[in-house]
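Novice: What follows is my_file_2.tsv; its format and atoms are TSV, C-alpha atoms.
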chain	number	residue	atom	x	y	z
K	18	MET	CA	-32.89	-0.81	6.26
K	19	LYS	CA	-32.70	-2.94	9.37
K	20	ASN	CA	-28.98	-2.59	9.92
K	21	GLU	CA	-28.62	1.07	9.08
K	22	ASN	CA	-25.84	1.60	11.64
K	23	LEU	CA	-23.87	-1.40	10.46
K	24	TYR	CA	-24.27	-0.28	6.86
K	25	ARG	CA	-23.04	3.22	7.59
K	26	TYR	CA	-20.25	1.84	9.71
K	27	ILE	CA	-19.00	-0.38	6.88
K	28	LEU	CA	-19.12	2.52	4.44
K	29	GLY	CA	-17.19	4.72	6.85
K	30	ILE	CA	-14.28	2.31	6.71
K	31	ALA	CA	-14.62	1.13	3.14
K	32	ASP	CA	-15.04	4.56	1.53
K	33	SER	CA	-11.72	5.75	2.93
K	34	SER	CA	-10.00	2.76	1.33
K	35	LEU	CA	-11.82	3.25	-1.97
K	36	ILE	CA	-11.02	6.94	-2.24
K	37	LEU	CA	-7.37	6.51	-1.25
K	38	GLY	CA	-7.14	3.63	-3.71
K	39	GLN	CA	-8.57	5.85	-6.43
K	40	ARG	CA	-6.11	8.64	-5.60
K	41	LEU	CA	-3.19	6.24	-5.85
K	42	GLY	CA	-4.64	4.76	-9.01
K	43	GLU	CA	-4.45	8.18	-10.62
K	44	LEU	CA	-0.68	7.84	-10.40
K	45	CYS	CA	-0.58	4.66	-12.45
K	46	GLY	CA	1.92	5.42	-15.21
K	47	HIS	CA	2.89	8.69	-13.53
K	48	GLY	CA	5.00	7.52	-10.61
K	49	PRO	CA	8.41	9.15	-10.11
K	50	SER	CA	10.13	5.93	-11.16
K	51	LEU	CA	9.00	2.65	-12.65
K	52	GLU	CA	9.53	0.86	-9.33
K	53	THR	CA	7.64	3.45	-7.29
K	54	ASP	CA	4.87	3.46	-9.85
K	55	ILE	CA	4.34	-0.27	-9.42
K	56	ALA	CA	4.52	0.05	-5.63
K	57	LEU	CA	1.81	2.73	-5.55
K	58	THR	CA	-0.42	0.71	-7.84
K	59	ASN	CA	0.06	-2.36	-5.63
K	60	ILE	CA	-1.05	-0.36	-2.61
K	61	SER	CA	-4.01	1.00	-4.56
K	62	LEU	CA	-5.09	-2.50	-5.50
K	63	ASP	CA	-4.71	-3.73	-1.91
K	64	LEU	CA	-7.04	-0.97	-0.78
K	65	ILE	CA	-9.58	-1.53	-3.53
K	66	GLY	CA	-9.49	-5.26	-2.79
K	67	GLN	CA	-10.34	-4.53	0.83
K	68	THR	CA	-13.05	-2.14	-0.30
K	69	ARG	CA	-14.67	-4.86	-2.38
K	70	SER	CA	-14.97	-7.16	0.62
K	71	TYR	CA	-16.63	-4.41	2.65
K	72	TYR	CA	-18.98	-3.39	-0.16
K	73	GLN	CA	-20.01	-6.97	-0.87
K	74	TYR	CA	-21.00	-7.23	2.76
K	75	ALA	CA	-22.81	-3.88	2.63
K	76	ALA	CA	-24.62	-4.87	-0.58
K	77	LYS	CA	-26.00	-7.94	1.18
K	78	LEU	CA	-27.43	-5.67	3.87
K	79	ILE	CA	-29.26	-3.54	1.32
K	80	GLY	CA	-30.47	-6.60	-0.55
K	81	ASP	CA	-32.75	-5.63	-3.43
K	82	GLY	CA	-30.26	-7.02	-5.96
K	83	LYS	CA	-27.74	-4.28	-5.26
K	84	SER	CA	-24.08	-5.06	-5.87
K	85	GLU	CA	-20.72	-3.74	-4.74
K	86	ASP	CA	-20.60	-1.71	-7.96
K	87	ASP	CA	-23.79	0.17	-7.09
K	88	ILE	CA	-22.22	1.19	-3.83
K	89	ALA	CA	-18.86	2.12	-5.34
K	90	PHE	CA	-20.07	4.00	-8.39
K	91	LEU	CA	-23.62	5.20	-8.02
K	92	ARG	CA	-23.79	7.27	-4.89
K	93	ILE	CA	-23.72	11.04	-4.79
K	94	GLU	CA	-20.93	12.94	-3.09
K	95	ARG	CA	-22.80	13.47	0.17
K	96	GLU	CA	-23.27	9.73	0.53
K	97	TYR	CA	-19.54	8.95	0.63
K	98	LEU	CA	-18.35	8.76	4.21
K	99	ASN	CA	-14.56	8.72	3.79
K	100	VAL	CA	-12.31	10.92	5.89
K	101	LEU	CA	-11.16	14.18	4.28
K	102	LEU	CA	-7.50	13.15	4.46
K	103	VAL	CA	-7.72	10.49	1.75
K	104	GLU	CA	-9.40	12.68	-0.86
K	105	GLN	CA	-6.62	15.30	-0.81
K	106	PRO	CA	-4.90	15.58	-4.18
K	107	ASN	CA	-1.55	14.12	-5.28
K	108	THR	CA	0.09	17.54	-5.12
K	109	HIS	CA	3.56	16.02	-5.34
K	110	PHE	CA	5.21	12.81	-4.22
K	111	GLY	CA	5.81	14.23	-0.75
K	112	TYR	CA	2.06	14.77	-0.36
K	113	VAL	CA	1.32	11.29	-1.65
K	114	MET	CA	3.60	9.74	0.96
K	115	ALA	CA	2.52	12.08	3.79
K	116	ARG	CA	-1.16	11.34	3.11
K	117	GLN	CA	-0.37	7.65	2.92
K	118	PHE	CA	1.64	7.56	6.12
K	119	LEU	CA	-0.84	9.62	8.14
K	120	PHE	CA	-3.56	7.23	7.01
K	121	ASP	CA	-1.55	3.98	7.26
K	122	VAL	CA	-0.69	4.42	10.94
K	123	TYR	CA	-4.37	4.98	11.69
K	124	HIS	CA	-5.52	2.24	9.34
K	125	LEU	CA	-3.31	-0.40	10.94
K	126	MET	CA	-4.48	0.54	14.44
K	127	LEU	CA	-8.09	0.42	13.26
K	128	LEU	CA	-7.81	-3.00	11.64
K	129	SER	CA	-5.86	-4.39	14.60
K	130	GLU	CA	-8.87	-3.55	16.78
K	131	LEU	CA	-11.49	-4.45	14.21
K	132	LYS	CA	-10.15	-7.99	13.91
K	133	ASN	CA	-11.59	-8.56	17.40
K	134	SER	CA	-15.03	-7.43	16.30
K	135	SER	CA	-18.01	-9.51	17.35
K	136	ASP	CA	-19.12	-9.19	13.73
K	137	GLU	CA	-17.39	-12.15	12.09
K	138	THR	CA	-17.36	-10.72	8.60
K	139	LEU	CA	-15.76	-7.46	9.69
K	140	ALA	CA	-13.27	-9.35	11.84
K	141	ALA	CA	-12.27	-11.55	8.89
K	142	ILE	CA	-11.87	-8.63	6.47
K	143	ALA	CA	-9.77	-6.79	9.04
K	144	ALA	CA	-7.57	-9.79	9.78
K	145	LYS	CA	-6.84	-10.23	6.09
K	146	GLY	CA	-6.03	-6.55	5.60
K	147	ILE	CA	-3.56	-6.25	8.46
K	148	LYS	CA	-0.60	-7.72	6.59
K	149	GLU	CA	-1.23	-5.54	3.57
K	150	VAL	CA	-1.55	-2.40	5.61
K	151	SER	CA	1.56	-3.24	7.66
K	152	TYR	CA	3.51	-3.14	4.43
K	153	HIS	CA	1.85	0.12	3.35
K	154	LYS	CA	2.99	1.71	6.57
K	155	ARG	CA	6.51	0.39	6.19
K	156	PHE	CA	6.68	1.73	2.63
K	157	SER	CA	5.29	5.19	3.37
K	158	GLY	CA	7.22	5.49	6.65
K	159	ASP	CA	10.50	4.73	4.89
K	160	TRP	CA	9.76	7.39	2.32
K	161	ILE	CA	8.97	9.99	4.97
K	162	LYS	CA	12.34	9.27	6.58
K	163	ARG	CA	14.17	9.23	3.27
K	164	LEU	CA	12.71	12.52	2.07
K	165	GLY	CA	12.60	14.24	5.45
K	166	ASP	CA	16.21	13.36	6.16
K	167	GLY	CA	17.29	13.76	2.53
K	168	THR	CA	18.29	16.97	0.79
K	169	GLN	CA	17.23	20.43	1.91
K	170	GLU	CA	14.68	20.50	-0.90
K	171	SER	CA	13.16	17.10	-0.12
K	172	HIS	CA	13.07	18.02	3.57
K	173	ASP	CA	11.20	21.27	2.89
K	174	LYS	CA	8.73	19.62	0.54
K	175	MET	CA	8.05	16.82	3.01
K	176	GLN	CA	7.55	19.33	5.81
K	177	ASP	CA	5.11	21.34	3.65
K	178	ALA	CA	3.09	18.21	2.97
K	179	ILE	CA	2.95	17.20	6.62
K	180	ASN	CA	1.98	20.74	7.67
K	181	ASP	CA	-0.78	20.93	5.06
K	182	LEU	CA	-2.28	17.51	5.71
K	183	TRP	CA	-2.05	17.67	9.49
K	184	ARG	CA	-5.36	19.53	9.66
K	185	TYR	CA	-7.17	16.40	8.49
K	186	THR	CA	-5.74	14.04	11.12
K	187	ASP	CA	-8.08	14.82	14.00
K	188	GLU	CA	-11.10	13.75	11.99
K	189	LEU	CA	-9.76	10.20	12.03
K	190	PHE	CA	-10.67	10.09	15.72
K	191	THR	CA	-14.17	11.51	15.62
K	192	MET	CA	-17.07	9.16	16.18
K	193	THR	CA	-20.23	9.25	14.11
K	194	GLU	CA	-23.50	7.99	15.49
K	195	ALA	CA	-23.00	4.70	13.68
K	196	ASP	CA	-19.45	4.42	15.06
K	197	ALA	CA	-20.68	4.95	18.59
K	198	GLU	CA	-23.54	2.49	18.26
K	199	MET	CA	-21.33	-0.18	16.71
K	200	SER	CA	-18.68	0.34	19.34
K	201	ARG	CA	-21.29	-0.09	22.08
K	202	ASN	CA	-22.25	-3.51	20.81
K	203	ASN	CA	-18.60	-4.54	20.34
K	204	SER	CA	-18.81	-4.93	16.59
K	205	GLY	CA	-17.16	-1.57	15.92
K	206	VAL	CA	-14.03	0.14	17.14
K	207	ASP	CA	-13.82	3.08	19.50
K	208	VAL	CA	-11.19	5.04	17.56
K	209	THR	CA	-10.73	7.60	20.32
K	210	ARG	CA	-8.95	4.90	22.32
K	211	PHE	CA	-5.86	4.92	20.12
K	212	LYS	CA	-5.72	8.61	19.28
K	213	GLU	CA	-2.88	9.23	21.71
K	214	ALA	CA	-0.93	6.21	20.48
K	215	TYR	CA	-1.42	7.46	16.93
K	216	TYR	CA	0.04	10.90	17.53
K	217	GLU	CA	2.89	9.36	19.50
K	218	GLU	CA	3.83	6.99	16.72
K	219	VAL	CA	3.50	9.59	13.99
K	220	SER	CA	5.48	12.15	15.98
K	221	ARG	CA	8.25	9.66	16.70
K	222	LEU	CA	8.71	8.91	13.03
K	223	LEU	CA	8.55	12.57	12.01
K	224	ARG	CA	11.30	13.38	14.48
K	225	GLU	CA	13.34	10.49	13.20
K	226	ALA	CA	12.89	11.97	9.74
K	227	THR	CA	14.20	15.32	11.14
K	228	LEU	CA	10.77	16.85	10.53
K	229	GLU	CA	8.85	19.08	12.88
K	230	VAL	CA	5.61	17.87	14.39
K	231	PRO	CA	3.03	20.54	13.54
K	232	GLU	CA	1.44	22.31	16.47
K	233	ARG	CA	-1.99	22.93	15.09
K	234	LYS	CA	-5.06	23.51	17.14
K	235	TYR	CA	-7.53	23.94	14.31
K	236	PHE	CA	-8.64	20.92	12.35
K	237	GLN	CA	-11.05	20.21	9.51
K	238	TYR	CA	-13.89	17.75	9.75
K	239	GLY	CA	-16.79	16.65	7.62
K	240	GLY	CA	-15.94	13.68	5.42
K	241	LYS	CA	-17.33	11.15	7.85
K	242	LYS	CA	-20.66	12.96	7.63
K	243	GLY	CA	-20.53	13.27	3.86
K	244	VAL	CA	-19.39	16.89	3.74
K	245	HIS	CA	-16.28	16.89	1.57
K	246	THR	CA	-13.54	19.21	0.38
K	247	GLU	CA	-13.69	20.76	-3.08
K	248	HIS	CA	-11.46	17.99	-4.48
K	249	MET	CA	-13.99	15.25	-3.98
K	250	GLY	CA	-16.32	16.13	-6.86
K	251	TYR	CA	-13.54	15.87	-9.43
K	252	LEU	CA	-12.37	12.60	-7.99
K	253	LEU	CA	-15.87	11.15	-8.17
K	254	ALA	CA	-16.31	12.39	-11.72
K	255	ASP	CA	-13.27	10.31	-12.70
K	256	LEU	CA	-14.33	7.35	-10.62
K	257	GLN	CA	-17.94	7.24	-11.73
K	258	TYR	CA	-17.71	8.34	-15.35
K	259	MET	CA	-17.97	4.88	-16.93
K	260	GLN	CA	-20.93	3.68	-14.88
K	261	ARG	CA	-22.74	6.98	-15.35
K	262	ALA	CA	-22.12	7.14	-19.10
K	263	TYR	CA	-22.74	3.44	-19.74
K	264	PRO	CA	-25.03	2.17	-17.00
K	265	ASN	CA	-24.47	-1.46	-16.01
K	266	MET	CA	-21.51	-1.84	-18.31
K	267	LYS	CA	-19.19	-4.70	-17.47
K	268	TRP	CA	-15.76	-5.77	-18.68
D	8	MET	CA	14.01	13.45	-7.98
D	9	SER	CA	16.46	12.33	-10.57
D	10	LYS	CA	16.30	8.59	-11.01
D	11	LYS	CA	19.47	8.76	-13.04
D	12	ASN	CA	21.31	9.04	-9.76
D	13	TRP	CA	19.80	5.92	-8.30
D	14	PRO	CA	22.21	3.00	-8.49
D	15	LEU	CA	21.32	-0.31	-10.07
D	16	TRP	CA	20.59	-3.35	-7.89
D	17	GLU	CA	20.43	-7.03	-8.75
D	18	VAL	CA	17.51	-8.97	-7.33
D	19	PHE	CA	17.62	-12.61	-6.24
D	20	VAL	CA	14.44	-14.38	-5.20
D	21	ARG	CA	13.90	-17.72	-3.52
D	22	SER	CA	10.65	-19.00	-4.89
D	23	LYS	CA	10.15	-21.78	-2.32
D	24	ASN	CA	11.78	-22.84	0.90
D	25	GLY	CA	14.48	-25.36	0.09
D	26	LEU	CA	15.25	-23.90	-3.31
D	27	GLU	CA	18.14	-21.54	-3.92
D	28	HIS	CA	17.83	-17.83	-4.61
D	29	ARG	CA	17.77	-17.19	-8.34
D	30	HIS	CA	18.56	-14.05	-10.24
D	31	PHE	CA	15.24	-12.42	-11.18
D	32	GLY	CA	16.32	-9.12	-12.66
D	33	SER	CA	17.49	-5.69	-11.68
D	34	LEU	CA	16.04	-2.36	-10.63
D	35	HIS	CA	16.96	1.12	-9.49
D	36	ALA	CA	16.86	2.25	-5.87
D	37	ALA	CA	18.49	4.88	-3.70
D	38	ASP	CA	19.41	2.55	-0.84
D	39	ALA	CA	19.25	-1.08	0.22
D	40	GLU	CA	15.94	-0.75	2.04
D	41	MET	CA	14.31	0.85	-1.00
D	42	ALA	CA	15.84	-1.84	-3.22
D	43	LEU	CA	14.27	-4.53	-1.07
D	44	GLU	CA	10.85	-2.86	-1.10
D	45	ASN	CA	11.03	-2.20	-4.82
D	46	ALA	CA	12.03	-5.80	-5.43
D	47	ARG	CA	9.08	-6.95	-3.37
D	48	ASP	CA	6.73	-4.78	-5.40
D	49	VAL	CA	8.22	-5.44	-8.82
D	50	TYR	CA	9.18	-9.11	-8.63
D	51	THR	CA	7.01	-10.85	-6.02
D	52	ARG	CA	3.57	-9.33	-6.55
D	53	ARG	CA	2.31	-12.52	-8.20
D	54	ASN	CA	3.36	-14.74	-5.36
D	55	GLU	CA	6.77	-15.57	-6.80
D	56	GLY	CA	8.83	-15.63	-3.67
D	57	VAL	CA	9.46	-16.29	-0.01
D	58	SER	CA	12.81	-14.51	0.34
D	59	ILE	CA	14.63	-11.71	-1.44
D	60	TRP	CA	18.29	-10.74	-1.67
D	61	VAL	CA	19.38	-7.49	-3.25
D	62	VAL	CA	22.94	-6.50	-4.02
D	63	GLU	CA	24.18	-3.37	-5.64
D	64	SER	CA	25.24	-4.28	-9.16
D	65	LYS	CA	28.63	-2.64	-8.78
D	66	HIS	CA	29.58	-5.24	-6.19
D	67	ILE	CA	29.29	-8.01	-8.73
D	68	THR	CA	32.51	-8.86	-10.53
D	69	ALA	CA	31.70	-10.32	-13.92
D	70	SER	CA	33.86	-12.28	-16.32
D	71	ASN	CA	34.65	-10.50	-19.54
D	72	PRO	CA	33.05	-12.08	-22.63
D	73	SER	CA	36.28	-11.52	-24.54
D	74	ASP	CA	37.98	-13.92	-22.11
D	75	ASN	CA	35.53	-16.70	-22.89
D	76	GLY	CA	38.10	-18.56	-24.93
D	77	GLU	CA	40.60	-19.04	-22.17
D	78	LEU	CA	38.03	-19.35	-19.43
D	79	PHE	CA	35.54	-21.79	-20.84
D	80	GLU	CA	36.71	-23.47	-24.02
D	81	PRO	CA	39.36	-25.66	-22.35
D	82	ALA	CA	36.58	-27.49	-20.53
D	83	GLN	CA	34.75	-28.43	-23.71
D	84	ASP	CA	36.85	-31.52	-24.60
D	85	LYS	CA	37.27	-32.91	-21.10
D	86	VAL	CA	34.38	-35.31	-21.05
D	87	TYR	CA	36.09	-37.37	-18.33
D	88	ARG	CA	35.17	-34.65	-15.88
D	89	HIS	CA	31.51	-35.57	-16.20
D	90	PRO	CA	30.47	-38.27	-13.76
D	91	THR	CA	29.36	-40.62	-16.53
D	92	PHE	CA	32.03	-43.32	-16.27
D	93	TYR	CA	30.65	-45.33	-13.40
D	94	GLU	CA	27.32	-46.98	-12.71
D	95	LEU	CA	24.93	-45.35	-10.33
D	96	PRO	CA	23.23	-47.63	-7.82
D	97	ASN	CA	19.49	-47.73	-8.40
D	98	GLU	CA	18.82	-46.30	-4.96
D	99	VAL	CA	20.35	-42.99	-6.06
D	100	LYS	CA	17.47	-41.57	-8.01
D	101	HIS	CA	18.38	-37.97	-8.70
D	102	MET	CA	21.93	-37.11	-9.72
Taking this structure as input, can you express it in the form of structure tokens?
Specialist:
Amino acid sequence: MKNENLYRYILGIADSSLILGQRLGELCGHGPSLETDIALTNISLDLIGQTRSYYQYAAKLIGDGKSEDDIAFLRIEREYLNVLLVEQPNTHFGYVMARQFLFDVYHLMLLSELKNSSDETLAAIAAKGIKEVSYHKRFSGDWIKRLGDGTQESHDKMQDAINDLWRYTDELFTMTEADAEMSRNNSGVDVTRFKEAYYEEVSRLLREATLEVPERKYFQYGGKKGVHTEHMGYLLADLQYMQRAYPNMKW
Amino acid sequence: MSKKNWPLWEVFVRSKNGLEHRHFGSLHAADAEMALENARDVYTRRNEGVSIWVVESKHITASNPSDNGELFEPAQDKVYRHPTFYELPNEVKHM
């Protein structure tokens, strides 16, 4: 493929949205209240909508009659390039919101930079996503504050979730070869540039939520290179089942 | 999380600038901010609105249906209160 770096760069962004969207979709009908259930599904659909735009662009690059569905459903685990954070399971609502918030802050910073990309398609997708993601961050941030500064039990559960998921935050700021190449030609974003701002913003909100900012020096990496945690296989089994069992089915 | 403890809120949505807020329904939320976000997600996800008000249901004072007789029936036979006894100039199109 001529634009291998661009292709891998698009997948790096899009796969994180797809997998987080799938995780949230799992909660459809299982949210803690009817209202929260609808909110989570809305966020899921926002993310999957964004994913579709990225995949349609990526499918054009492959050519050969491939579609967004081929990219979404027919790759093997090692070919998904999402960050490890988004594939972590919905352990409880505190985890769902912690995962969401830790991703949303990053996601908004990423899109805010990507909208200035010299690649017009990426810039347009990013510009459209910014409003959606701003709301995601508002929603998840409010829940972190509400649960962190809630009862003793909600505080402890929220703190557990933050502590557990913290190990996946540093990966957000690693650069793959494709990231570096795309950043060099101004069509991609150098994520290391807003790493400090990210931890500042997250820490500020955690403190506001009376939560402790974890002091962790060891982090986990791999998703961006296709090396995933043990949860990913199960997630993909759910995601891909229909296309694998009934190839080319449509509805 | 016991949703039984979440109070009920009434949701009012303005569907277009220039129109008034109309009652859209109700929902449960722990606080005003959550009520606003829930209202956004439940009632405006199909592009229904440009502005939302939420008010906790307990702050609404409602008339009692058993008082309907004294409250509303006296108005039924007072047709002269309707502005139908004078001619509208043609220039006034919408009354």
Novice: Within 12 Å of chain K, which residues of chain D show up? Give each one with its shortest atom-to-atom distance in Å (one decimal) and the two atoms involved, counting all atoms listed in the file, rows by chain then rising residue number, as CSV.
Specialist:
residue,atom,partner,partner_atom,distance
D:Met8,CA,K:Pro49,CA,7.4
D:Ser9,CA,K:Pro49,CA,8.7
D:Lys10,CA,K:Ser50,CA,6.7
D:Lys11,CA,K:Ser50,CA,9.9
D:Asn12,CA,K:Ser50,CA,11.7
D:Trp13,CA,K:Ser50,CA,10.1
D:Leu15,CA,K:Glu52,CA,11.9
D:Trp16,CA,K:Glu52,CA,11.9
D:Ser33,CA,K:Glu52,CA,10.6
D:Leu34,CA,K:Glu52,CA,7.4
D:His35,CA,K:Glu52,CA,7.4
D:Ala36,CA,K:Glu52,CA,8.2
D:Ala37,CA,K:Arg163,CA,9.3
D:Asp38,CA,K:Arg163,CA,9.4
D:Ala39,CA,K:Asp159,CA,11.5
D:Glu40,CA,K:Asp159,CA,8.2
D:Met41,CA,K:Asp159,CA,8.0
D:Ala42,CA,K:Glu52,CA,9.2
D:Leu43,CA,K:Phe156,CA,10.5
D:Glu44,CA,K:Phe156,CA,7.2
D:Asn45,CA,K:Glu52,CA,5.7
D:Ala46,CA,K:Glu52,CA,8.1
D:Arg47,CA,K:Ala56,CA,8.7
D:Asp48,CA,K:Ala56,CA,5.3
D:Val49,CA,K:Glu52,CA,6.5
D:Tyr50,CA,K:Glu52,CA,10.0
D:Thr51,CA,K:Asn59,CA,11.0
D:Arg52,CA,K:Asn59,CA,7.9
D:Arg53,CA,K:Asn59,CA,10.7
Novice: Which residues are near Thr209 in chain K? Cut-off 8 Å, only C-alpha atoms, ignore same chain within fewer than 6 positions. Put them as a count of residues only.
Specialist: 3
Novice: So, with all atoms listed in the file as the atoms that count, which of D:Ser64, D:Gln83, D:Ser58, D:Asn75 lies closest to Arg29 in chain D?
Specialist: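 For Arg29 in chain D, the nearest of the given residues is D:Ser58.
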Novice: Any idea what's packed within 9 Å of Gln73 in chain K, counting all atoms listed in the file, ignoring anything in its chain fewer than 4 positions away? Could you give it as a count of residues only?
Specialist: 8
Novice: Separation of CA of Pro81 in chain D and CA of Tyr93 in chain D, in Å?
Specialist: 23.3 Å
Novice: Which distance in Å separates CA of Ile142 in chain K and CA of Tyr72 in chain K, to one decimal?
Specialist: 11.0 Å
Novice: To one decimal place, how far is CA of Ile179 in chain K from CA of Ile161 in chain K in Å?
Specialist: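 If I compute the distance from CA of Ile179 in chain K to CA of Ile161 in chain K, I get 9.5 Å.
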Novice: Identify the residues within 12 Å of coordinate (-10.7, 13.9, 5.3) (same frame as the file), considering only C-alpha atoms, and give the answer as a PyMOL selection string.
Specialist: chain K and resi 29+32-34+36-37+97-106+116+119-120+182-191+236-249
Novice: Residues within 12 Å of Val219 in chain K, please, as a VMD selection string. Count all atoms listed in the file; anything in the same chain fewer than 3 positions from it doesn't count.
Specialist: chain K and resid 115 to 123 154 157 to 158 161 to 162 179 183 186 212 to 216 222 to 226 228 to 231
Novice: May I ask which of the residues K:Gly80, K:Gly250, K:Gly66, K:Gly111 is the closest one to Ile93 in chain K, counting all atoms listed in the file?
Specialist: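 Counting all atoms listed in the file, the residue closest to Ile93 in chain K is K:Gly250.
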Novice: Write out as a list in words the residues lying within 8 Å of range 199-206 of chain K, counting only C-alpha atoms and excluding same-chain residues fewer than 3 positions away.
Specialist: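 That gives Asn22, Leu23, Tyr26, Leu127, Glu130, Leu131, Ser134, Ser135, Asp136, Leu139, Ala195 and Asp196 of chain K.
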